[in-house]
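Asker: One structure coming up, written as structure tokens, with questions to follow.
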Amino acid sequence: MNRPNHPARSGILFIISAPSGAGKTSLVDALVKSLPNITVSISYTTRPMRLGEQNGVNYHFVDQSTFRRMLAEGHFLEHAQVFDHFYGTSHEAVLRNLDEGVDVILEIDWQGAQQVRAAVPAALGIFILPPSIAELERRLKQRGEDCVEVIRRRMREAISEISHYREYDYLIINDDFDRAKVDLETIVRASHLRIERQQEALADLLKDLMV
């Protein structure tokens with residue numbers, strides 16, 4: 001993915017990962033509602049649509065043959081298999097938003113995150129942790145979406161996912177939701193104040209100040 005030579009004007013790509021049940025989706029939803037000019041990339045998936053989900057809103061739901069065709073044609077910035085289903089991020093959609101100056105959030109696992117970092121080294125990674133394994137299991141059970149065996153499998157996958165936290169730039173513990181939300185907002189806001197972005201955005205002011 002080639003980025004334009006205008007870091008201050010282009011959007012920032014954020015990778016947000018967490019084990020299932022850590023509260024990632026709720027935090028991201030709250031972040032998007034509280035900050036302007038930021039969007040969540042809608043992934044393609046082969047998993048069945050769940051009750052209350054909408055095609056094109058939660059995911060782009062496709063069958064496996066369609067997904068495999070898109071993969072072969074190079075449509076995906078990243079893709080991964082999670083449990084028995086495939087997920088992928090549209091390269092074109094992400095690039096279009098970034099070029100328009102919109103920040104983009106990718107809610108993906110560590111496999112996808114590795115692919116994105118290889119393609120877009122400037123992407124910033126944020127990992128969200130639960131306060132404890134016991135609390136993570138409690139949240140999964142409280143959702144009431146999965147049977148006991150699926151929850152056990154999610155718990156095994158959670159340990160694997162958490163083991164990759166060192167590959168990210170920021171680490172947030174979702175113990176208190178409001179505090180975790182503020183932490184997430186702080187990371188996004190501070191990312192726009194980095195020197196390489198500010199020195200271009202404020203080029204005229206800096207020139208005047210140093211006359």
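Just remember, in the structure tokens the first chain shown is A, the second B, etc., residues are 1-based per chain, and ligands are 1-based in the order shown.
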Quick one: DSSP strand (DSSP E) residues in stretch 60-171 of chain A, as a short mmCIF file (atom, residue, chain, number, x, y, z; two decimals) with N, CA and C atoms, in the first residue's frame?
Answerer:
data_model
loop_
_atom_site.label_atom_id
_atom_site.label_comp_id
_atom_site.auth_asym_id
_atom_site.auth_seq_id
_atom_site.Cartn_x
_atom_site.Cartn_y
_atom_site.Cartn_z
N HIS A 60 -19.32 -7.47 5.66
CA HIS A 60 -19.78 -7.85 4.34
C HIS A 60 -19.80 -9.38 4.34
N PHE A 61 -20.97 -9.96 4.34
CA PHE A 61 -21.09 -11.42 4.45
C PHE A 61 -21.04 -12.04 3.05
N PHE A 76 -7.64 -8.04 -0.73
CA PHE A 76 -7.50 -7.88 0.71
C PHE A 76 -6.15 -7.34 1.14
N LEU A 77 -6.20 -6.36 2.03
CA LEU A 77 -4.99 -5.86 2.68
C LEU A 77 -4.47 -6.90 3.66
N GLU A 78 -5.39 -7.58 4.31
CA GLU A 78 -5.05 -8.68 5.22
C GLU A 78 -6.20 -9.65 5.23
N HIS A 79 -5.90 -10.88 5.60
CA HIS A 79 -6.95 -11.88 5.76
C HIS A 79 -6.50 -12.91 6.79
N ALA A 80 -7.45 -13.57 7.38
CA ALA A 80 -7.12 -14.56 8.41
C ALA A 80 -8.26 -15.54 8.55
N GLN A 81 -7.93 -16.71 9.06
CA GLN A 81 -8.94 -17.70 9.41
C GLN A 81 -9.06 -17.70 10.93
N VAL A 82 -10.27 -17.49 11.42
CA VAL A 82 -10.55 -17.49 12.85
C VAL A 82 -11.60 -18.56 13.11
N HIS A 85 -13.95 -19.87 10.07
CA HIS A 85 -14.37 -18.88 9.09
C HIS A 85 -13.23 -17.95 8.69
N PHE A 86 -13.41 -17.29 7.53
CA PHE A 86 -12.39 -16.40 6.99
C PHE A 86 -12.84 -14.95 7.13
N TYR A 87 -11.85 -14.08 7.34
CA TYR A 87 -12.10 -12.64 7.45
C TYR A 87 -11.07 -11.91 6.60
N GLY A 88 -11.46 -10.79 6.00
CA GLY A 88 -10.52 -10.03 5.19
C GLY A 88 -10.88 -8.55 5.16
N THR A 89 -9.85 -7.71 5.01
CA THR A 89 -10.01 -6.25 4.96
C THR A 89 -9.78 -5.74 3.55
N SER A 90 -10.71 -4.96 3.05
CA SER A 90 -10.61 -4.41 1.70
C SER A 90 -9.47 -3.40 1.60
N ASP A 103 -9.18 8.81 9.55
CA ASP A 103 -8.52 7.73 10.28
C ASP A 103 -9.32 6.44 10.11
N VAL A 104 -8.62 5.33 10.03
CA VAL A 104 -9.28 4.04 9.84
C VAL A 104 -8.88 3.09 10.96
N ILE A 105 -9.86 2.43 11.54
CA ILE A 105 -9.62 1.41 12.56
C ILE A 105 -9.84 0.04 11.95
N LEU A 106 -8.87 -0.84 12.14
CA LEU A 106 -9.02 -2.23 11.76
C LEU A 106 -9.17 -3.06 13.03
N GLU A 107 -10.32 -3.69 13.20
CA GLU A 107 -10.53 -4.61 14.32
C GLU A 107 -10.16 -6.00 13.84
N LEU A 124 -0.45 2.04 13.46
CA LEU A 124 -0.25 1.99 14.91
C LEU A 124 -1.11 0.88 15.51
N GLY A 125 -0.51 0.04 16.34
CA GLY A 125 -1.21 -1.09 16.93
C GLY A 125 -1.60 -0.84 18.38
N ILE A 126 -2.84 -1.17 18.71
CA ILE A 126 -3.35 -1.02 20.08
C ILE A 126 -3.92 -2.38 20.50
N PHE A 127 -3.47 -2.87 21.64
CA PHE A 127 -3.97 -4.15 22.13
C PHE A 127 -4.77 -3.91 23.40
N ILE A 128 -5.94 -4.54 23.47
CA ILE A 128 -6.82 -4.38 24.63
C ILE A 128 -6.85 -5.67 25.43
N LEU A 129 -6.56 -5.57 26.72
CA LEU A 129 -6.52 -6.72 27.62
C LEU A 129 -7.71 -6.71 28.58
N TYR A 170 0.68 0.10 21.77
CA TYR A 170 0.00 0.55 22.98
C TYR A 170 -0.77 -0.62 23.60
N LEU A 171 -0.91 -0.55 24.93
CA LEU A 171 -1.60 -1.59 25.67
C LEU A 171 -2.61 -0.95 26.62
#
Asker: Listing only residues of stretch 1-79 of chain A within 12 Å of stretch 182-193 of chain A, what is the closest atom pair and its distance in Å (to one decimal) for each, using only C-alpha atoms, sorted by chain and residue number ascending, as CSV?
Answerer:
residue,atom,partner,partner_atom,distance
A:Pro7,CA,A:His192,CA,9.5
A:Ala8,CA,A:His192,CA,7.7
A:Arg9,CA,A:His192,CA,9.9
A:Ser10,CA,A:His192,CA,10.3
A:Gly11,CA,A:His192,CA,9.1
A:Ile12,CA,A:Ser191,CA,8.0
A:Leu13,CA,A:Val188,CA,10.0
A:Phe14,CA,A:Val188,CA,8.4
A:Ile15,CA,A:Val188,CA,11.3
A:Ile16,CA,A:Leu184,CA,9.9
A:Lys24,CA,A:Leu184,CA,10.5
A:Ser26,CA,A:Leu184,CA,11.8
A:Leu27,CA,A:Leu184,CA,8.0
A:Val28,CA,A:Leu184,CA,8.4
A:Asp29,CA,A:Leu184,CA,11.3
A:Ala30,CA,A:Glu185,CA,9.5
A:Leu31,CA,A:Glu185,CA,6.4
A:Val32,CA,A:Glu185,CA,9.3
A:Lys33,CA,A:Glu185,CA,10.8
A:Ser34,CA,A:Glu185,CA,8.3
A:Leu35,CA,A:Glu185,CA,7.7
A:Pro36,CA,A:Arg189,CA,10.6
A:Asn37,CA,A:Val188,CA,11.1
A:Ile38,CA,A:Val188,CA,9.5
Asker: Mind the document's chain letters and residue numbers, and return as a count of residues only the residues of stretch 42-166 of chain A that DSSP labels alpha helix (DSSP H).
Answerer: 54
Asker: Just the number, please: distance in Å from atom CA of A:Thr39 to atom CA of A:Gly56, one decimal.
Answerer: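 Distance between the two atoms: 13.7 Å.
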Asker: Could you check the closest approach to A:Ile108 for each of A:Ala18, A:Ile195, A:Ala122, A:Ile151 and tell me which residue wins, using only C-alpha atoms?
Answerer: A:Ala18
Asker: Do a neighbour search on A:Glu135 at 12 Å with only C-alpha atoms, toss out local chain neighbours closer than 3 positions, and write the hits as a PyMOL selection string.
Answerer: chain A and resi 20-23+129-132+138-142+155+173-175
Asker: Kindly save the residues from that selection, with C-alpha atoms included, as a PDB file, in the first residue's frame.
Answerer:
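Final file, again-v6.pdb:
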ATOM      1  CA  SER A  20     -12.892 -12.242  22.276  1.00  0.00           C
ATOM      2  CA  GLY A  21     -14.753 -10.836  25.275  1.00  0.00           C
ATOM      3  CA  ALA A  22     -12.262  -8.106  26.171  1.00  0.00           C
ATOM      4  CA  GLY A  23     -14.687  -5.372  25.098  1.00  0.00           C
ATOM      5  CA  LEU A 129      -6.524  -6.724  27.622  1.00  0.00           C
ATOM      6  CA  PRO A 130      -9.176  -7.956  30.060  1.00  0.00           C
ATOM      7  CA  PRO A 131      -8.401  -7.408  33.766  1.00  0.00           C
ATOM      8  CA  SER A 132      -8.109 -11.180  34.307  1.00  0.00           C
ATOM      9  CA  ARG A 138     -17.364 -14.382  32.864  1.00  0.00           C
ATOM     10  CA  ARG A 139     -17.956 -11.864  30.065  1.00  0.00           C
ATOM     11  CA  LEU A 140     -18.081 -14.583  27.420  1.00  0.00           C
ATOM     12  CA  LYS A 141     -20.655 -16.519  29.436  1.00  0.00           C
ATOM     13  CA  GLN A 142     -22.657 -13.369  30.176  1.00  0.00           C
ATOM     14  CA  MET A 155     -10.648 -19.150  26.044  1.00  0.00           C
ATOM     15  CA  ILE A 173      -6.612  -2.786  30.163  1.00  0.00           C
ATOM     16  CA  ASN A 174     -10.391  -2.741  29.943  1.00  0.00           C
ATOM     17  CA  ASP A 175     -11.191  -2.983  33.632  1.00  0.00           C
TER      18      ASP A 175
END
Asker: Which of these residues is nearest to A:Val40, using only C-alpha atoms: A:Glu161, A:Val94, A:Asp84, A:Gln199?
Answerer: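 When distances to A:Val40 are compared using only C-alpha atoms, the smallest one comes from A:Val94.
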